[in-house]
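Structure, as structure tokens:
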Amino acid sequence: MIDVKAIPAVKASPWNDPNVRPYVRLERLTKSFGDFKAVDDISLNIYKGEIFCLLGASGCGKTTLLRMLGGFETPTSGRIFIDGDDMTGVPPYERPVNMMFQSYALFPHMNVEENVAFGLKQDRVAKHEIAERVATMLELVKLGGFAKRKPHQLSGGQRQRVALARSLVKRPKLLLLDEPLGALDKKLREHTQFELISLQDKLGVTFVVVTHDQEEAMTLASRIGVMDHGEIVQAGTPTEIYEFPSSKFVADFVGSVNIFEGKLTEDEPQYVRIASEELGATIYVSHGISAAPDATVWAAVRPEKIYMSTEPPDGTDNTVRGAVQDIAYLGDLSIYLVKLPTGKIVRVTRPNTSRHAEAITWDQQVYLSWDASSPVVVTR
Amino acid sequence: MTGRGLVVVLPYLWLLLFFVVPFAIVLKISFSDVDLAIPPYKPLWEWTGKNALAIKVNFNNYVFLFTDSLYIKALLNSLKVAFFSSLLCLIIGYPMAYGIARARPALRNVLLLLVILPFWTSLLLRVYAWIGLLKANGVINNVLIWLGIIHEPLTMLYTPFAMYVGIVYSYLPFLILPLYANLEKMDWQLLEAAEDLGCRPWQAFYKITLPLSRNGMLAGSMLVFIPAVGEFVIPALLGGPNALMIGRVLWDEFFSNRAWPVASAVAILLLILLVPFMMWYQSVQSNESAGSK
């Protein structure tokens, strides 16, 4: 029987606790294809019960990293430890790891039941136990009535759940998911995201998910590792990644952002001032940063943290004027593109809280402002 | 007539002219009596007197096929040879088709070209070339003697061995191509999935690749088996006088004995025998295209 009694998933933050031993440990992992380094010297700890998302654009090395965890690629250098065991050279069929493939890779000549039972049969699990575990698993993914169907008789969402059941039924220590929701349409994807989280919560299996969809990563992940050019440029909780990006790349890749280049003019422990030609104004930030004086820095302001008004706001800091150039009405919110006198386009989003909101319309002159705590200052 | 109608009619017209009509003629001859005339058989119907038509349907040719054991023996032997040729082609061709399907795309086209290359020369020439290779003072014997492996030339030509070599060599591409087409469509990620679930590579091959290529194997084997049953040239040239194949019997009846009616009966019988295999092949093919969703 699969123990579906809730095993407490990581609600605490084991990555902040030096006494917790990491469950998966990557040590200076590198994979080269010829001259090209797909994965470049990655060291990473993943903790038991986590959903760790590798987020990045295509070609950033996230899939190669996942395939190394699964044993389908041999690292050029570095080591992989899972639950304390060195798995670096262990072939896929001997790893306590299962993978859910992007294409699902269901065996077309076997029905749902046979697909799910495949791995257990391979391990020579007793017949009655196989039947029991497969049935429980199919119930869990809500496919109880589909056991005898062939994969081509199922919808995309059902196939996805068969693939999930097949990879979970062996009770792996680590489940790897390659773009698990990529082939589903938007509505189904949202629904499945929450199902996936509750399933993971029930089974307590550690997940590593590869995705290029930041929304998917934000919803699923306990932590996100943002990848670029074979490196993890930042790893942290979704909030950390979104609110405290460590670089222009991360700020820009996760969500949308306005980035203003400028020079540090005042650098105090309590605050900094940045003179930005691009913005045509000075940015006042209410926290100190560590950068050389006169250094070029970038201030990143999220579109939803910018206030837009037709009347001049109080105070003079962090305020600019501009003209509305474009409006995109998305229903729940609207996106405004405001052109500053300097030519810079600033993106602002406003929730449509009222059905008859005061109309800010095309070509209108508006004031943009933001709180001193809103900008994130990055030095690269 | 519309272009659309023409497209439909033309192939039917072609089949009617070059398949149905000749077949009807052969069928007609098979029910005729042999005669010393040109053509060497009696007409099936005759006008007797003024308004009477006499139709003489003669089943003797068919009865004869079952009374003289030669024909049944030849038929059984042909089936046996065709079966083992298909099997040998499968054993040799599967690894080749698999290798081509898994090769780099650039190399794949070169390998496919090499498979098709022999078709650029006539079959007859290639079979003659095998005579040159296999005969007592042929290339193979000479090389083996020169290497000191043997001291007396081996008798290879005019043996069943030579016949099998010829048939397998000639028909191998017919097995490789459909099997390749089948394997090439396969999602290789299935093998990774199988390994992920605990299969060693050979187990993954046995449990995934082999069952999924079943239709390709069947189609390829049928393409070897069906023509090999009626094969005439290769047994005649390489198999020697003792190679009793139904194709040769037919040839002998037709050209040596001028027994056109018996030869036609043999042809019809062979056709009836092969129809189930052809239908099987057809159903495998349509399964293949239906299953590749």
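As shown in the structure tokens, the chain order sets the letters A, B, ...; within each chain, residues go from 1, and ligands are also counted from 1 in the order they appear.
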| If we count only C-alpha atoms, which residues of chain B reach to within 8 Å of chain A? Please list them as a list of chain:residue names. |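 The answer, sorted by residue number, is B:Asp187, B:Gln189, B:Leu190, B:Glu192, B:Ala193, B:Ala194, B:Glu195, B:Asp196, B:Leu197, B:Gly198, B:Cys199, B:Arg200, B:Ile208, B:Pro211, B:Leu212, B:Lys293.
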Kindly save the residues from that selection, with N, CA and C atoms included, as a PDB file, in the first residue's frame.
```
ATOM      1  N   ASP B 187       9.689   6.389 -31.160  1.00  0.00           N
ATOM      2  CA  ASP B 187      10.122   7.417 -30.232  1.00  0.00           C
ATOM      3  C   ASP B 187      11.193   6.799 -29.330  1.00  0.00           C
ATOM      4  N   GLN B 189      12.700   7.936 -26.983  1.00  0.00           N
ATOM      5  CA  GLN B 189      12.568   8.277 -25.577  1.00  0.00           C
ATOM      6  C   GLN B 189      11.883   7.135 -24.807  1.00  0.00           C
ATOM      7  N   LEU B 190      11.113   6.307 -25.537  1.00  0.00           N
ATOM      8  CA  LEU B 190      10.484   5.154 -24.885  1.00  0.00           C
ATOM      9  C   LEU B 190      11.540   4.250 -24.269  1.00  0.00           C
ATOM     10  N   GLU B 192      14.467   5.227 -23.152  1.00  0.00           N
ATOM     11  CA  GLU B 192      14.958   5.889 -21.941  1.00  0.00           C
ATOM     12  C   GLU B 192      13.958   5.690 -20.808  1.00  0.00           C
ATOM     13  N   ALA B 193      12.663   5.792 -21.152  1.00  0.00           N
ATOM     14  CA  ALA B 193      11.630   5.590 -20.130  1.00  0.00           C
ATOM     15  C   ALA B 193      11.743   4.176 -19.563  1.00  0.00           C
ATOM     16  N   ALA B 194      11.967   3.191 -20.441  1.00  0.00           N
ATOM     17  CA  ALA B 194      12.081   1.811 -19.977  1.00  0.00           C
ATOM     18  C   ALA B 194      13.293   1.652 -19.072  1.00  0.00           C
ATOM     19  N   GLU B 195      14.407   2.271 -19.459  1.00  0.00           N
ATOM     20  CA  GLU B 195      15.608   2.188 -18.618  1.00  0.00           C
ATOM     21  C   GLU B 195      15.373   2.881 -17.289  1.00  0.00           C
ATOM     22  N   ASP B 196      14.652   3.995 -17.347  1.00  0.00           N
ATOM     23  CA  ASP B 196      14.341   4.742 -16.135  1.00  0.00           C
ATOM     24  C   ASP B 196      13.533   3.878 -15.173  1.00  0.00           C
ATOM     25  N   LEU B 197      12.689   2.997 -15.745  1.00  0.00           N
ATOM     26  CA  LEU B 197      11.830   2.157 -14.912  1.00  0.00           C
ATOM     27  C   LEU B 197      12.506   0.846 -14.537  1.00  0.00           C
ATOM     28  N   GLY B 198      13.777   0.705 -14.882  1.00  0.00           N
ATOM     29  CA  GLY B 198      14.531  -0.440 -14.374  1.00  0.00           C
ATOM     30  C   GLY B 198      15.007  -1.440 -15.409  1.00  0.00           C
ATOM     31  N   CYS B 199      14.833  -1.158 -16.712  1.00  0.00           N
ATOM     32  CA  CYS B 199      15.282  -2.099 -17.742  1.00  0.00           C
ATOM     33  C   CYS B 199      16.741  -1.851 -18.087  1.00  0.00           C
ATOM     34  N   ARG B 200      17.491  -2.963 -18.209  1.00  0.00           N
ATOM     35  CA  ARG B 200      18.795  -2.844 -18.842  1.00  0.00           C
ATOM     36  C   ARG B 200      18.543  -2.605 -20.334  1.00  0.00           C
ATOM     37  N   ILE B 208      10.330  -3.295 -25.563  1.00  0.00           N
ATOM     38  CA  ILE B 208       9.758  -2.103 -26.212  1.00  0.00           C
ATOM     39  C   ILE B 208      10.011  -2.129 -27.727  1.00  0.00           C
ATOM     40  N   PRO B 211       8.504  -5.493 -29.756  1.00  0.00           N
ATOM     41  CA  PRO B 211       7.049  -5.507 -29.992  1.00  0.00           C
ATOM     42  C   PRO B 211       6.568  -4.339 -30.852  1.00  0.00           C
ATOM     43  N   LEU B 212       7.211  -3.182 -30.718  1.00  0.00           N
ATOM     44  CA  LEU B 212       6.751  -2.028 -31.496  1.00  0.00           C
ATOM     45  C   LEU B 212       7.138  -2.139 -32.966  1.00  0.00           C
ATOM     46  N   LYS B 293      -0.622   6.941 -34.614  1.00  0.00           N
ATOM     47  CA  LYS B 293      -1.161   8.234 -34.192  1.00  0.00           C
ATOM     48  C   LYS B 293      -0.318   8.826 -33.090  1.00  0.00           C
TER      49      LYS B 293
END
```
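Taking only C-alpha atoms, the non-local environment of region 296-312 of chain A within 7 Å (same-chain residues fewer than 4 positions away omitted) comprises Ser256, Val257, Asn258, Ile259, Phe260, Glu261, Gly262, Lys263, Leu264, Arg347, Val348, Thr349, Arg350, Gln365, Val366, Tyr367, Leu368, Ser369, Trp370, Ser374, Pro375, Val376, Val377, Val378 and Thr379 of chain A.
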| message | I'd like the contact shell of Leu44 (chain A) - 9 Å cut-off, only C-alpha atoms, skipping same-chain residues fewer than 3 positions apart - returned as number ranges by chain. | response | A: 24-29, 232, 235
Store the residues picked out above in a file with C-alpha atoms, as an mmCIF file, in the first residue's frame.
```
data_model
loop_
_atom_site.group_PDB
_atom_site.id
_atom_site.type_symbol
_atom_site.label_atom_id
_atom_site.label_comp_id
_atom_site.auth_asym_id
_atom_site.auth_seq_id
_atom_site.Cartn_x
_atom_site.Cartn_y
_atom_site.Cartn_z
ATOM 1 C CA VAL A 24 20.396 15.718 -3.219
ATOM 2 C CA ARG A 25 23.827 17.240 -3.469
ATOM 3 C CA LEU A 26 25.436 18.386 -6.698
ATOM 4 C CA GLU A 27 29.135 19.066 -6.429
ATOM 5 C CA ARG A 28 30.732 21.188 -9.139
ATOM 6 C CA LEU A 29 28.777 19.435 -11.844
ATOM 7 C CA ILE A 232 22.406 28.685 -11.749
ATOM 8 C CA ALA A 235 18.426 30.020 -6.276
#
```
| message | Please compute the CA of Gly230 (chain B)-CA of Phe31 (chain B) distance, one decimal, in Å. | response |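 A separation of 21.2 Å between them.
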| message | List the spatial neighbours of His229 (chain A) as a ChimeraX atom specification - criterion: any atom at most 10 Å away, only C-alpha atoms, same-chain residues fewer than 2 positions off excluded. | response | /A:36-40,56-62,227,231-233
Let's have the selection written as an mmCIF file, in the first residue's frame, with N, CA and C atoms.
```
data_model
loop_
_atom_site.group_PDB
_atom_site.id
_atom_site.type_symbol
_atom_site.label_atom_id
_atom_site.label_comp_id
_atom_site.auth_asym_id
_atom_site.auth_seq_id
_atom_site.Cartn_x
_atom_site.Cartn_y
_atom_site.Cartn_z
ATOM 1 N N PHE A 36 31.198 23.145 -26.045
ATOM 2 C CA PHE A 36 30.052 23.800 -25.427
ATOM 3 C C PHE A 36 29.790 23.230 -24.042
ATOM 4 N N LYS A 37 29.742 24.134 -23.052
ATOM 5 C CA LYS A 37 29.440 23.680 -21.697
ATOM 6 C C LYS A 37 27.944 23.840 -21.449
ATOM 7 N N ALA A 38 27.210 22.732 -21.509
ATOM 8 C CA ALA A 38 25.761 22.791 -21.306
ATOM 9 C C ALA A 38 25.461 23.069 -19.841
ATOM 10 N N VAL A 39 26.251 22.451 -18.972
ATOM 11 C CA VAL A 39 26.121 22.689 -17.536
ATOM 12 C C VAL A 39 27.507 23.049 -17.034
ATOM 13 N N ASP A 40 27.609 24.199 -16.367
ATOM 14 C CA ASP A 40 28.926 24.742 -16.075
ATOM 15 C C ASP A 40 29.134 24.884 -14.568
ATOM 16 N N GLY A 56 14.511 28.342 -16.788
ATOM 17 C CA GLY A 56 15.428 28.987 -17.726
ATOM 18 C C GLY A 56 14.897 28.889 -19.136
ATOM 19 N N ALA A 57 15.495 29.675 -20.018
ATOM 20 C CA ALA A 57 15.091 29.643 -21.425
ATOM 21 C C ALA A 57 15.618 28.355 -22.058
ATOM 22 N N SER A 58 15.139 28.044 -23.255
ATOM 23 C CA SER A 58 15.605 26.814 -23.883
ATOM 24 C C SER A 58 17.095 26.967 -24.206
ATOM 25 N N GLY A 59 17.842 25.882 -23.977
ATOM 26 C CA GLY A 59 19.274 25.915 -24.233
ATOM 27 C C GLY A 59 20.095 26.412 -23.059
ATOM 28 N N CYS A 60 19.444 26.616 -21.893
ATOM 29 C CA CYS A 60 20.195 27.138 -20.755
ATOM 30 C C CYS A 60 20.862 26.013 -19.965
ATOM 31 N N GLY A 61 20.549 24.760 -20.321
ATOM 32 C CA GLY A 61 21.203 23.640 -19.659
ATOM 33 C C GLY A 61 20.335 22.953 -18.623
ATOM 34 N N LYS A 62 19.104 23.410 -18.446
ATOM 35 C CA LYS A 62 18.265 22.837 -17.385
ATOM 36 C C LYS A 62 17.920 21.380 -17.662
ATOM 37 N N MET A 227 18.344 29.473 -14.281
ATOM 38 C CA MET A 227 19.543 29.064 -15.014
ATOM 39 C C MET A 227 19.763 29.916 -16.253
ATOM 40 N N GLU A 231 24.628 27.884 -15.953
ATOM 41 C CA GLU A 231 24.883 28.173 -14.545
ATOM 42 C C GLU A 231 23.575 28.498 -13.839
ATOM 43 N N ILE A 232 23.550 28.234 -12.538
ATOM 44 C CA ILE A 232 22.406 28.685 -11.749
ATOM 45 C C ILE A 232 22.734 30.092 -11.280
ATOM 46 N N VAL A 233 22.042 31.087 -11.837
ATOM 47 C CA VAL A 233 22.405 32.463 -11.515
ATOM 48 C C VAL A 233 21.800 32.909 -10.192
#
```
| Please, what distance in Å, to one decimal, runs between CA of Tyr71 (chain B) and CA of Val233 (chain B)? |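 We find that CA of Tyr71 (chain B) and CA of Val233 (chain B) lie 18.1 Å from each other.
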| note | note - CA of Leu10 (chain B) and CA of Ile25 (chain B) are separated by 21.6 Å
| What's the 7 Å shell around Leu238 (chain B), counting only C-alpha atoms, without same-chain residues fewer than 4 positions away, as a list of chain:residue names? |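 Residues near the query, excluding close chain neighbours: B:Ile131, B:Leu157, B:Tyr158, B:Ala162, B:Met163, B:Ile234.
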| Those in region 249-280 of chain B with alpha helix (DSSP H) from DSSP, as a VMD selection string | chain B and resid 249 to 251 260 to 280
| request: For Leu55 (chain A), work out the shell of residues within 8 Å, counting only C-alpha atoms and skipping chain neighbours fewer than 2 positions away, then give it as a ChimeraX atom specification. | output: /A:53,57,62,210-214,217,224-227
| task | Please return as a count of residues only: the residues of region 46-269 of chain B that backbone DSSP assigns to strand (DSSP E). | result | 7
| request: Write out as a ChimeraX atom specification which residues come within 8 Å of region 331-342 of chain A when counting only C-alpha atoms, dropping same-chain ones fewer than 5 positions away. | output: /A:277-280,320-326,347-353
